[in-house]
$ cat input_37.txt   # compact mmCIF, C-alpha atoms
# COMPACT_ATOMS: atom_id res chain seq x y z
CA MET A 354 -40.89 3.07 155.39
CA THR A 355 -40.24 5.73 152.78
CA GLU A 356 -42.29 8.92 152.86
CA ASP A 357 -42.46 9.12 149.07
CA ASN A 358 -45.99 9.67 147.83
CA PRO A 359 -46.20 9.75 144.02
CA SER A 360 -49.98 10.11 144.14
CA PHE A 361 -49.59 13.49 145.87
CA ASP A 362 -47.33 14.48 142.97
CA GLY A 363 -50.13 13.67 140.53
CA PHE A 364 -48.85 10.29 139.32
CA PHE A 365 -50.99 7.30 138.43
CA PRO A 366 -50.22 3.94 136.75
CA VAL A 367 -49.78 3.53 133.02
CA PRO A 368 -52.31 0.94 131.77
CA ASP A 369 -51.35 -1.94 129.48
CA TRP A 370 -52.95 -0.31 126.42
CA ALA A 371 -50.93 2.91 126.57
CA PRO A 372 -48.63 3.50 123.55
CA HIS A 373 -45.02 2.33 123.89
CA THR A 374 -41.72 3.85 122.94
CA ARG A 375 -40.31 0.32 122.90
CA THR A 376 -40.57 -3.10 124.56
CA TRP A 377 -37.94 -4.49 126.94
CA MET A 378 -37.24 -8.19 127.41
CA SER A 379 -34.63 -10.25 129.29
CA TRP A 380 -33.00 -13.39 127.87
CA PRO A 381 -33.61 -16.38 130.19
CA THR A 382 -30.53 -18.03 131.69
CA ASP A 383 -31.88 -19.89 134.75
CA PRO A 384 -33.13 -23.39 133.77
CA GLU A 385 -35.05 -23.70 137.04
CA GLU A 386 -37.44 -20.84 136.28
CA MET A 387 -38.67 -21.93 132.86
CA PRO A 388 -41.57 -24.43 132.80
CA GLY A 389 -40.72 -25.77 129.33
CA GLY A 390 -36.97 -26.04 129.79
CA LEU A 391 -34.30 -23.46 128.97
CA LEU A 392 -33.76 -24.28 125.28
CA GLU A 393 -37.47 -24.42 124.46
CA SER A 394 -38.09 -21.24 126.40
CA ARG A 395 -35.35 -19.37 124.56
CA VAL A 396 -36.96 -20.38 121.28
CA ALA A 397 -40.30 -19.03 122.56
CA PHE A 398 -38.65 -15.79 123.73
CA ALA A 399 -37.13 -15.35 120.27
CA HIS A 400 -40.47 -15.93 118.53
CA ILE A 401 -42.16 -13.39 120.77
CA ALA A 402 -39.39 -10.78 120.49
CA ARG A 403 -39.37 -11.01 116.70
CA ALA A 404 -43.17 -10.73 116.60
CA ILE A 405 -43.16 -7.59 118.75
CA ALA A 406 -40.27 -6.10 116.75
CA ARG A 407 -42.46 -6.04 113.64
CA HIS A 408 -44.57 -3.40 115.39
CA GLU A 409 -42.29 -1.51 117.78
CA PRO A 410 -38.61 -1.48 118.80
CA VAL A 411 -37.46 -4.28 121.12
CA ARG A 412 -34.46 -4.24 123.45
CA MET A 413 -33.37 -7.60 124.86
CA ILE A 414 -31.09 -7.68 127.92
CA VAL A 415 -28.60 -10.50 127.37
CA PRO A 416 -25.54 -11.59 129.40
CA ALA A 417 -22.32 -11.09 127.44
CA ASP A 418 -21.38 -14.79 127.46
CA VAL A 419 -24.50 -15.76 125.47
CA ALA A 420 -24.93 -12.56 123.44
CA LYS A 421 -23.68 -14.01 120.14
CA GLU A 422 -25.93 -17.05 120.44
CA ALA A 423 -28.91 -14.85 121.32
CA ALA A 424 -28.22 -12.49 118.41
CA LEU A 425 -28.36 -15.35 115.92
CA THR A 426 -31.71 -16.48 117.34
CA LEU A 427 -33.26 -13.05 117.69
CA GLY A 428 -32.33 -11.60 114.31
CA PRO A 429 -31.39 -8.05 113.31
CA ARG A 430 -34.59 -6.26 114.38
CA VAL A 431 -34.08 -6.96 118.09
CA GLU A 432 -31.49 -4.72 119.76
CA ILE A 433 -29.29 -6.52 122.27
CA ILE A 434 -28.22 -4.78 125.48
CA GLU A 435 -25.34 -6.70 127.08
CA ARG A 436 -25.87 -6.78 130.81
CA PRO A 437 -25.89 -9.50 133.50
CA SER A 438 -29.33 -11.06 133.74
CA ALA A 439 -30.75 -14.25 135.20
CA HIS A 440 -34.54 -14.22 135.05
CA GLY A 441 -36.61 -13.90 131.89
CA TRP A 442 -39.79 -12.70 133.60
CA ILE A 443 -38.79 -9.07 133.21
CA ARG A 444 -42.12 -7.60 134.30
CA ASP A 445 -41.74 -9.08 137.78
CA LEU A 446 -38.28 -7.63 138.44
CA ALA A 447 -38.69 -4.37 136.55
CA PRO A 448 -40.02 -1.04 137.84
CA THR A 449 -43.64 0.07 137.55
CA PHE A 450 -44.37 2.99 135.22
CA ILE A 451 -46.43 5.92 136.50
CA THR A 452 -47.45 9.06 134.65
CA THR A 453 -49.18 12.42 135.00
CA GLU A 454 -51.85 14.16 132.96
CA ASP A 455 -49.17 16.19 131.18
CA GLY A 456 -47.29 13.03 130.19
CA ARG A 457 -44.37 13.00 132.61
CA ILE A 458 -43.08 9.46 133.29
CA LYS A 459 -41.47 8.19 136.48
CA THR A 460 -40.98 4.69 137.83
CA VAL A 461 -41.29 2.77 141.09
CA ALA A 462 -38.66 0.12 141.81
CA TRP A 463 -39.97 -2.51 144.22
CA LYS A 464 -38.23 -5.07 146.38
CA PHE A 465 -37.76 -8.56 144.90
CA ASN A 466 -37.15 -11.79 146.85
CA GLY A 467 -37.41 -14.55 144.27
CA TRP A 468 -41.21 -14.83 144.21
CA GLY A 469 -41.47 -15.34 147.93
CA GLY A 470 -38.22 -17.29 148.15
CA ARG A 471 -39.41 -19.92 145.68
CA HIS A 472 -36.62 -19.22 143.19
CA ILE A 473 -33.00 -18.26 143.67
CA VAL A 474 -32.31 -14.54 143.88
CA HIS A 475 -29.20 -14.25 141.73
CA GLU A 476 -26.58 -11.57 142.13
CA GLU A 477 -27.79 -10.19 138.80
CA ASP A 478 -31.25 -9.57 140.27
CA HIS A 479 -30.00 -7.03 142.79
CA GLY A 480 -30.42 -3.58 141.35
CA PHE A 481 -32.05 -4.91 138.15
CA ALA A 482 -34.94 -2.45 138.37
CA GLU A 483 -32.65 0.48 139.08
CA GLU A 484 -30.43 -0.47 136.13
CA LEU A 485 -33.45 -0.52 133.83
CA VAL A 486 -34.46 2.90 135.12
CA ARG A 487 -30.96 4.17 134.35
CA LEU A 488 -31.11 2.73 130.82
CA MET A 489 -34.51 4.35 130.26
CA ASP A 490 -33.40 7.64 131.86
CA PHE A 491 -36.44 8.04 134.13
CA ALA A 492 -36.59 9.39 137.67
CA ASN A 493 -37.42 6.73 140.22
CA TYR A 494 -39.23 6.15 143.52
CA ARG A 495 -38.40 3.21 145.78
CA GLY A 496 -41.34 1.02 146.72
CA PRO A 497 -41.33 -0.16 150.35
CA ILE A 498 -42.61 -3.74 149.87
CA VAL A 499 -41.95 -6.88 147.85
CA LEU A 500 -44.06 -6.54 144.73
CA GLU A 501 -43.69 -8.24 141.36
CA GLY A 502 -45.00 -6.36 138.34
CA GLY A 503 -47.28 -9.20 137.27
CA ALA A 504 -49.04 -9.08 140.62
CA VAL A 505 -51.01 -5.89 139.92
CA GLN A 506 -53.45 -4.94 137.16
CA THR A 507 -54.55 -1.31 136.89
CA ASP A 508 -56.97 0.52 134.62
CA GLY A 509 -55.25 3.92 134.61
CA LEU A 510 -58.29 5.50 136.27
CA GLY A 511 -57.82 4.57 139.90
CA THR A 512 -58.66 0.86 140.19
CA ALA A 513 -56.22 -1.95 140.90
CA ILE A 514 -56.78 -5.71 140.96
CA VAL A 515 -54.50 -7.78 143.19
CA THR A 516 -54.61 -11.16 144.95
CA GLU A 517 -54.36 -12.08 148.59
CA GLN A 518 -52.19 -15.04 147.56
CA THR A 519 -49.41 -12.71 146.41
CA LEU A 520 -49.56 -9.35 148.17
CA LEU A 521 -50.42 -10.81 151.58
CA SER A 522 -48.08 -13.79 151.26
CA PRO A 523 -46.09 -14.30 154.48
CA ASN A 524 -43.10 -15.17 152.28
CA ARG A 525 -43.22 -11.73 150.70
CA ASN A 526 -44.64 -9.17 153.12
CA PRO A 527 -45.18 -10.83 156.51
CA LEU A 528 -45.64 -7.58 158.43
CA ILE A 529 -48.41 -5.95 156.40
CA GLY A 530 -52.12 -6.63 156.17
CA ARG A 531 -54.80 -5.66 153.71
CA SER A 532 -55.19 -2.07 154.90
CA GLU A 533 -51.43 -1.43 154.84
CA ALA A 534 -51.17 -2.91 151.35
CA GLU A 535 -54.02 -0.71 150.15
CA GLU A 536 -52.38 2.36 151.64
CA ILE A 537 -49.13 1.62 149.77
CA LEU A 538 -51.01 1.06 146.50
CA MET A 539 -52.83 4.34 147.01
CA ARG A 540 -49.61 6.23 147.74
CA PHE A 541 -47.48 4.77 144.95
CA PHE A 542 -50.13 4.14 142.28
CA GLY A 543 -52.71 6.83 142.90
CA ILE A 544 -55.22 4.02 143.40
CA VAL A 545 -58.57 4.84 144.98
CA ARG A 546 -60.20 1.39 144.70
CA VAL A 547 -58.54 -2.00 145.24
CA ILE A 548 -60.30 -5.18 144.11
CA TRP A 549 -59.01 -8.14 146.11
CA LEU A 550 -59.11 -11.55 144.46
CA GLY A 551 -58.12 -14.75 146.26
CA GLU A 552 -55.90 -17.33 144.56
CA GLY A 553 -54.62 -17.57 141.02
CA ILE A 554 -53.28 -20.12 138.56
CA SER A 555 -52.58 -23.56 140.03
CA GLY A 556 -49.33 -25.48 139.86
CA LEU A 557 -46.92 -22.55 139.51
CA LYS A 558 -43.96 -22.45 141.84
CA GLY A 559 -43.68 -18.69 142.18
CA GLY A 560 -46.15 -16.45 140.38
CA GLY A 561 -49.37 -18.44 140.49
CA GLY A 562 -51.16 -15.67 142.33
CA HIS A 563 -50.18 -13.04 139.78
CA VAL A 564 -53.36 -11.44 138.53
CA GLY A 565 -51.64 -10.69 135.21
CA ARG A 566 -51.69 -14.42 134.43
CA PHE A 567 -55.43 -14.92 134.77
CA CYS A 568 -57.39 -11.64 134.99
CA ARG A 569 -56.74 -8.60 132.80
CA PHE A 570 -58.27 -5.19 132.33
CA ILE A 571 -59.45 -4.82 128.74
CA ARG A 572 -60.37 -1.19 129.32
CA PRO A 573 -61.56 0.74 132.37
CA GLY A 574 -64.46 -1.09 133.97
CA VAL A 575 -64.05 -4.25 131.85
CA VAL A 576 -62.00 -7.33 132.78
CA ALA A 577 -61.49 -10.74 131.20
CA ILE A 578 -60.79 -13.76 133.39
CA HIS A 579 -59.49 -17.30 132.84
CA SER A 580 -62.64 -19.29 133.62
CA PRO A 581 -62.77 -23.10 133.39
CA ASP A 582 -66.28 -24.57 133.28
CA ASP A 583 -65.20 -28.07 134.34
CA PRO A 584 -65.46 -28.53 138.14
CA GLU A 585 -62.56 -31.00 137.89
CA HIS A 586 -60.21 -28.38 136.45
CA PRO A 587 -57.54 -27.47 139.05
CA ASP A 588 -58.35 -23.75 138.70
CA PHE A 589 -62.14 -24.09 138.91
CA ARG A 590 -62.62 -23.43 142.63
CA ALA A 591 -60.25 -20.44 142.75
CA MET A 592 -61.72 -18.83 139.64
CA GLN A 593 -65.31 -19.27 140.84
CA ASP A 594 -64.31 -17.43 144.02
CA ASN A 595 -62.65 -14.70 141.96
CA LEU A 596 -65.72 -14.38 139.72
CA ASN A 597 -67.92 -13.88 142.76
CA ARG A 598 -65.58 -11.20 144.08
CA LEU A 599 -65.51 -9.39 140.73
CA LYS A 600 -69.30 -9.42 140.51
CA LEU A 601 -69.45 -7.66 143.87
CA ALA A 602 -66.74 -5.15 142.99
CA ARG A 603 -67.42 -1.53 142.12
CA SER A 604 -65.44 1.08 140.24
CA PRO A 605 -64.41 4.31 141.99
CA PHE A 606 -67.55 5.86 140.46
CA GLY A 607 -69.84 3.18 141.90
CA GLY A 608 -70.47 1.24 138.68
CA GLU A 609 -70.30 -2.51 138.31
CA VAL A 610 -67.27 -4.16 136.73
CA GLU A 611 -68.10 -5.93 133.47
CA VAL A 612 -66.64 -9.44 133.64
CA ILE A 613 -65.89 -11.49 130.50
CA GLU A 614 -65.31 -15.17 131.19
CA PHE A 615 -62.63 -16.54 128.89
CA PRO A 616 -62.12 -20.15 127.72
CA VAL A 617 -59.17 -22.13 129.06
CA PRO A 618 -56.88 -24.61 127.29
CA GLU A 619 -58.13 -28.18 127.19
CA LYS A 620 -54.68 -29.56 127.99
CA ILE A 621 -53.82 -29.33 131.68
CA GLN A 622 -50.10 -29.13 132.30
CA PRO A 623 -48.45 -29.45 135.73
CA ALA A 624 -48.99 -25.68 135.85
CA SER A 625 -52.11 -24.31 134.21
CA SER A 626 -51.66 -22.34 131.01
CA SER A 627 -53.87 -19.38 130.22
CA TYR A 628 -54.78 -17.17 127.28
CA MET A 629 -54.80 -14.14 129.57
CA GLY A 630 -51.07 -13.66 129.00
CA PHE A 631 -51.66 -11.61 125.83
CA TYR A 632 -49.44 -8.58 125.22
CA LEU A 633 -50.43 -5.22 123.76
CA ALA A 634 -47.87 -3.58 121.47
CA ARG A 635 -48.24 -0.79 118.94
CA GLY A 636 -51.37 -1.55 116.89
CA VAL A 637 -51.34 -5.25 117.78
CA VAL A 638 -52.41 -7.72 120.46
CA LEU A 639 -50.11 -10.73 120.61
CA THR A 640 -51.95 -13.83 121.78
CA PRO A 641 -50.40 -17.09 122.99
CA ARG A 642 -50.51 -20.20 120.83
CA LEU A 643 -50.52 -23.19 123.16
CA ASN A 644 -50.92 -25.95 120.56
CA ASP A 645 -54.30 -26.63 122.10
CA PRO A 646 -57.73 -27.25 120.50
CA VAL A 647 -58.97 -23.98 122.02
CA ASP A 648 -56.26 -21.83 120.36
CA ASP A 649 -58.41 -20.70 117.43
CA GLU A 650 -61.37 -19.77 119.62
CA ALA A 651 -59.08 -17.86 121.97
CA LEU A 652 -57.57 -15.90 119.07
CA ARG A 653 -61.04 -15.00 117.81
CA ARG A 654 -62.23 -13.94 121.25
CA ILE A 655 -59.18 -11.79 121.94
CA ALA A 656 -59.54 -10.15 118.52
CA GLU A 657 -63.12 -9.26 119.47
CA LEU A 658 -61.92 -7.68 122.72
CA PHE A 659 -59.48 -5.42 120.85
CA PRO A 660 -61.19 -4.55 117.53
CA ASP A 661 -58.82 -1.63 116.90
CA ARG A 662 -55.74 -3.89 116.95
CA GLU A 663 -54.45 -6.68 114.76
CA ALA A 664 -54.57 -9.99 116.65
CA VAL A 665 -51.45 -12.11 116.05
CA GLN A 666 -50.87 -15.56 117.51
CA VAL A 667 -47.36 -16.40 118.76
CA GLU A 668 -45.94 -19.74 119.87
CA ALA A 669 -45.89 -19.66 123.69
CA GLU A 670 -46.51 -23.19 124.97
CA ALA A 671 -43.04 -23.46 126.55
CA VAL A 672 -43.72 -20.39 128.71
CA GLY A 673 -47.31 -21.20 129.67
CA GLY A 674 -48.72 -18.43 127.49
CA SER A 675 -47.23 -15.69 129.67
CA LEU A 676 -46.26 -13.14 127.03
CA HIS A 677 -47.30 -10.35 129.39
CA HIS A 678 -44.72 -11.39 131.98
CA MET A 679 -41.94 -11.68 129.38
CA ALA A 680 -42.36 -8.24 127.82
CA LEU A 681 -42.37 -4.78 129.39
CA GLY A 682 -43.63 -1.80 127.43
CA GLU A 683 -41.78 1.45 128.03
CA PRO A 684 -44.55 4.07 127.75
CA GLU A 685 -44.39 7.10 125.52
CA PRO A 686 -44.45 10.42 127.44
CA THR A 687 -47.89 11.34 126.12
CA ALA A 688 -50.18 13.98 127.64
CA LEU A 689 -53.80 13.01 128.17

$ encode --input "input_37.txt" --output "structure tokens"
Amino acid sequence: MTEDNPSFDGFFPVPDWAPHTRTWMSWPTDPEEMPGGLLESRVAFAHIARAIARHEPVRMIVPADVAKEAALTLGPRVEIIERPSAHGWIRDLAPTFITTEDGRIKTVAWKFNGWGGRHIVHEEDHGFAEELVRLMDFANYRGPIVLEGGAVQTDGLGTAIVTEQTLLSPNRNPLIGRSEAEEILMRFFGIVRVIWLGEGISGLKGGGGHVGRFCRFIRPGVVAIHSPDDPEHPDFRAMQDNLNRLKLARSPFGGEVEVIEFPVPEKIQPASSSYMGFYLARGVVLTPRLNDPVDDEALRRIAELFPDREAVQVEAEAVGGSLHHMALGEPEPTAL
């Protein structure tokens, strides 16, 4: 195991609400990974990329053989970077951003094994994180475990939320337990408090346990969670367990965590959709439109959570509402 310890060097995670230099995305090419089919998912990716590009620069990684087709769909505001790519869930394959009080940015590139072996690891996936680091021109640490970016939520002040379903999965990290996982998070994230949730979204083949799909920090000490009130909903049992865990959790300073229960879509797909896949870009919060009766209420509620940002709804039914997994904000080197 590597002896790197970014926390000793003064680094801590960049939270979702930090300002971006740009957003990175990756054009989907694997039909097996997209819940709504490849064509429909590409349309959703294009909608989301164009929406983000109205507020900050967007770079889309696109394989050369489909670059012309992608360019026509994406339009002139989205910059295309021709590079081999297979998976569209860029946050899961990409490095984690860490920063210091004086605004220095470094990254941590983690191991990736196809979401616990549930999807093919393509040749293009090997070295994907390191290639992104090279394109961004940041120094990099190597993380010692399998860790997808959507599997961790941090508040920038020392607290992380993770799930047992993902971090302790025998298909990802069979040789580590809770204490070892916490030690790695503390070393590589500067985390001093880890909140362990149980299971996540139901019906997903790979990333169902990703906390970024169902429970998000709104600001330090405040989280919103996908919370069905129907006991027959497939996520009800898991989310009730997670709610109980959050109510018992404490911040590093001993305070309670404020928990905001968030409505869920009425339509239940083979894999549950969620409104917790919103994405924060410069001056805006992009919220998923799922063509569901709850869409308008969800937009209103998310707008209330981020009163200093414009709330914009974007078509995302084909990708289960997971804007957050499709887009990766490259943080500005900004001193605190």

$ residues_near_point --input "input_37.txt" --point "(-60.2, -19.5, 141.1)" --cutoff "9 Å" --atoms "all atoms listed in the file" --output "PyMOL selection string"
chain A and resi 550-555+579-581+587-596

$ residues_around --input "input_37.txt" --residues "Glu683 (chain A)" --least-positions-apart "3" --cutoff "7 Å" --atoms "all atoms listed in the file" --output "PyMOL selection string"
chain A and resi 373-376

$ write_last_selection --input "input_37.txt" --atoms "C-alpha atoms" --output "PDB file, in the coordinates of the input"
ATOM      1  CA  HIS A 373     -45.020   2.330 123.890  1.00  0.00           C
ATOM      2  CA  THR A 374     -41.720   3.850 122.940  1.00  0.00           C
ATOM      3  CA  ARG A 375     -40.310   0.320 122.900  1.00  0.00           C
ATOM      4  CA  THR A 376     -40.570  -3.100 124.560  1.00  0.00           C
TER       5      THR A 376
END

$ closest_residue --input "input_37.txt" --among "A:Thr452, A:Ser627, A:Asn526, A:Ser379" --to "Phe491 (chain A)" --atoms "all atoms listed in the file"
A:Thr452

$ atom_distance --input "input_37.txt" --atom1 "CA of Glu685 (chain A)" --atom2 "CA of Phe542 (chain A)"
18.0 Å

$ closest_residue --input "input_37.txt" --among "A:Val545, A:Ala462, A:Leu528, A:Ile537" --to "Gly509 (chain A)" --atoms "all atoms listed in the file"
A:Val545

$ atom_distance --input "input_37.txt" --atom1 "CA of Gly574 (chain A)" --atom2 "CA of Trp463 (chain A)"
26.6 Å

$ closest_residue --input "input_37.txt" --among "A:Lys620, A:Arg598, A:Arg407, A:Arg525" --to "Gly469 (chain A)" --atoms "all atoms listed in the file"
A:Arg525

$ atom_distance --input "input_37.txt" --atom1 "CA of Val637 (chain A)" --atom2 "CA of Trp370 (chain A)"
10.1 Å

$ residues_around --input "input_37.txt" --residues "region 661-675 of chain A" --least-positions-apart "5" --cutoff "8 Å" --atoms "all atoms listed in the file" --output "number ranges by chain"
A: 387-390, 393-394, 397, 400-401, 404, 566, 624-631, 636-644, 652, 655-656

$ closest_residue --input "input_37.txt" --among "A:Leu427, A:Ala420, A:Ile443, A:Val610" --to "Leu681 (chain A)" --atoms "only C-alpha atoms"
A:Ile443

$ closest_residue --input "input_37.txt" --among "A:Leu488, A:Val647, A:Val576, A:Leu676" --to "Phe398 (chain A)" --atoms "only C-alpha atoms"
A:Leu676

$ decode --input "input_37.txt" --residues "region 627-637 of chain A" --atoms "all heavy atoms" --output "PDB file, in the first residue's frame"
ATOM      1  N   SER A 627     -33.858   9.127  -9.269  1.00  0.00           N
ATOM      2  CA  SER A 627     -33.775   9.985  -8.099  1.00  0.00           C
ATOM      3  C   SER A 627     -33.522  11.417  -8.538  1.00  0.00           C
ATOM      4  O   SER A 627     -32.867  11.666  -9.554  1.00  0.00           O
ATOM      5  CB  SER A 627     -32.639   9.520  -7.179  1.00  0.00           C
ATOM      6  OG  SER A 627     -32.370  10.473  -6.176  1.00  0.00           O
ATOM      7  N   TYR A 628     -34.032  12.358  -7.763  1.00  0.00           N
ATOM      8  CA  TYR A 628     -33.749  13.770  -8.014  1.00  0.00           C
ATOM      9  C   TYR A 628     -32.457  14.224  -7.348  1.00  0.00           C
ATOM     10  O   TYR A 628     -32.070  15.389  -7.484  1.00  0.00           O
ATOM     11  CB  TYR A 628     -34.917  14.630  -7.523  1.00  0.00           C
ATOM     12  CG  TYR A 628     -36.188  14.400  -8.309  1.00  0.00           C
ATOM     13  CD1 TYR A 628     -37.259  13.709  -7.761  1.00  0.00           C
ATOM     14  CD2 TYR A 628     -36.306  14.855  -9.619  1.00  0.00           C
ATOM     15  CE1 TYR A 628     -38.419  13.482  -8.493  1.00  0.00           C
ATOM     16  CE2 TYR A 628     -37.455  14.636 -10.359  1.00  0.00           C
ATOM     17  CZ  TYR A 628     -38.509  13.941  -9.793  1.00  0.00           C
ATOM     18  OH  TYR A 628     -39.655  13.717 -10.528  1.00  0.00           O
ATOM     19  N   MET A 629     -31.787  13.331  -6.647  1.00  0.00           N
ATOM     20  CA  MET A 629     -30.548  13.696  -5.974  1.00  0.00           C
ATOM     21  C   MET A 629     -29.351  13.744  -6.909  1.00  0.00           C
ATOM     22  O   MET A 629     -28.226  14.011  -6.485  1.00  0.00           O
ATOM     23  CB  MET A 629     -30.267  12.729  -4.824  1.00  0.00           C
ATOM     24  CG  MET A 629     -31.248  12.841  -3.667  1.00  0.00           C
ATOM     25  SD  MET A 629     -31.116  14.424  -2.765  1.00  0.00           S
ATOM     26  CE  MET A 629     -32.340  15.432  -3.597  1.00  0.00           C
ATOM     27  N   GLY A 630     -29.582  13.502  -8.206  1.00  0.00           N
ATOM     28  CA  GLY A 630     -28.489  13.578  -9.174  1.00  0.00           C
ATOM     29  C   GLY A 630     -28.262  14.968  -9.723  1.00  0.00           C
ATOM     30  O   GLY A 630     -27.647  15.116 -10.779  1.00  0.00           O
ATOM     31  N   PHE A 631     -28.720  16.010  -9.024  1.00  0.00           N
ATOM     32  CA  PHE A 631     -28.511  17.385  -9.504  1.00  0.00           C
ATOM     33  C   PHE A 631     -27.018  17.710  -9.609  1.00  0.00           C
ATOM     34  O   PHE A 631     -26.171  17.079  -8.973  1.00  0.00           O
ATOM     35  CB  PHE A 631     -29.211  18.389  -8.579  1.00  0.00           C
ATOM     36  CG  PHE A 631     -28.767  18.337  -7.140  1.00  0.00           C
ATOM     37  CD1 PHE A 631     -27.608  18.966  -6.729  1.00  0.00           C
ATOM     38  CD2 PHE A 631     -29.522  17.660  -6.188  1.00  0.00           C
ATOM     39  CE1 PHE A 631     -27.181  18.935  -5.409  1.00  0.00           C
ATOM     40  CE2 PHE A 631     -29.108  17.612  -4.857  1.00  0.00           C
ATOM     41  CZ  PHE A 631     -27.944  18.245  -4.461  1.00  0.00           C
ATOM     42  N   TYR A 632     -26.707  18.713 -10.432  1.00  0.00           N
ATOM     43  CA  TYR A 632     -25.312  19.097 -10.668  1.00  0.00           C
ATOM     44  C   TYR A 632     -25.155  20.595 -10.486  1.00  0.00           C
ATOM     45  O   TYR A 632     -25.941  21.391 -11.025  1.00  0.00           O
ATOM     46  CB  TYR A 632     -24.883  18.702 -12.085  1.00  0.00           C
ATOM     47  CG  TYR A 632     -23.445  19.054 -12.397  1.00  0.00           C
ATOM     48  CD1 TYR A 632     -22.395  18.393 -11.782  1.00  0.00           C
ATOM     49  CD2 TYR A 632     -23.152  20.066 -13.318  1.00  0.00           C
ATOM     50  CE1 TYR A 632     -21.075  18.724 -12.074  1.00  0.00           C
ATOM     51  CE2 TYR A 632     -21.831  20.390 -13.621  1.00  0.00           C
ATOM     52  CZ  TYR A 632     -20.807  19.722 -12.986  1.00  0.00           C
ATOM     53  OH  TYR A 632     -19.491  20.042 -13.264  1.00  0.00           O
ATOM     54  N   LEU A 633     -24.134  20.985  -9.741  1.00  0.00           N
ATOM     55  CA  LEU A 633     -23.859  22.388  -9.461  1.00  0.00           C
ATOM     56  C   LEU A 633     -22.784  22.904 -10.412  1.00  0.00           C
ATOM     57  O   LEU A 633     -21.646  22.439 -10.393  1.00  0.00           O
ATOM     58  CB  LEU A 633     -23.400  22.562  -8.009  1.00  0.00           C
ATOM     59  CG  LEU A 633     -24.365  22.060  -6.931  1.00  0.00           C
ATOM     60  CD1 LEU A 633     -23.729  22.165  -5.562  1.00  0.00           C
ATOM     61  CD2 LEU A 633     -25.675  22.818  -6.981  1.00  0.00           C
ATOM     62  N   ALA A 634     -23.162  23.856 -11.249  1.00  0.00           N
ATOM     63  CA  ALA A 634     -22.213  24.553 -12.121  1.00  0.00           C
ATOM     64  C   ALA A 634     -22.188  26.021 -11.717  1.00  0.00           C
ATOM     65  O   ALA A 634     -22.797  26.413 -10.714  1.00  0.00           O
ATOM     66  CB  ALA A 634     -22.612  24.377 -13.589  1.00  0.00           C
ATOM     67  N   ARG A 635     -21.509  26.836 -12.475  1.00  0.00           N
ATOM     68  CA  ARG A 635     -21.300  28.230 -12.107  1.00  0.00           C
ATOM     69  C   ARG A 635     -22.633  28.995 -12.076  1.00  0.00           C
ATOM     70  O   ARG A 635     -23.250  29.238 -13.114  1.00  0.00           O
ATOM     71  CB  ARG A 635     -20.334  28.864 -13.093  1.00  0.00           C
ATOM     72  CG  ARG A 635     -19.792  30.222 -12.678  1.00  0.00           C
ATOM     73  CD  ARG A 635     -18.789  30.732 -13.703  1.00  0.00           C
ATOM     74  NE  ARG A 635     -17.642  29.840 -13.855  1.00  0.00           N
ATOM     75  CZ  ARG A 635     -16.745  29.948 -14.826  1.00  0.00           C
ATOM     76  NH1 ARG A 635     -16.870  30.892 -15.745  1.00  0.00           N
ATOM     77  NH2 ARG A 635     -15.731  29.112 -14.899  1.00  0.00           N
ATOM     78  N   GLY A 636     -23.107  29.321 -10.878  1.00  0.00           N
ATOM     79  CA  GLY A 636     -24.315  30.117 -10.714  1.00  0.00           C
ATOM     80  C   GLY A 636     -25.613  29.372 -10.958  1.00  0.00           C
ATOM     81  O   GLY A 636     -26.688  29.989 -10.998  1.00  0.00           O
ATOM     82  N   VAL A 637     -25.549  28.053 -11.120  1.00  0.00           N
ATOM     83  CA  VAL A 637     -26.748  27.297 -11.496  1.00  0.00           C
ATOM     84  C   VAL A 637     -26.760  25.944 -10.809  1.00  0.00           C
ATOM     85  O   VAL A 637     -25.698  25.397 -10.476  1.00  0.00           O
ATOM     86  CB  VAL A 637     -26.794  27.118 -13.038  1.00  0.00           C
ATOM     87  CG1 VAL A 637     -25.677  26.217 -13.519  1.00  0.00           C
ATOM     88  CG2 VAL A 637     -28.144  26.604 -13.507  1.00  0.00           C
TER      89      VAL A 637
END
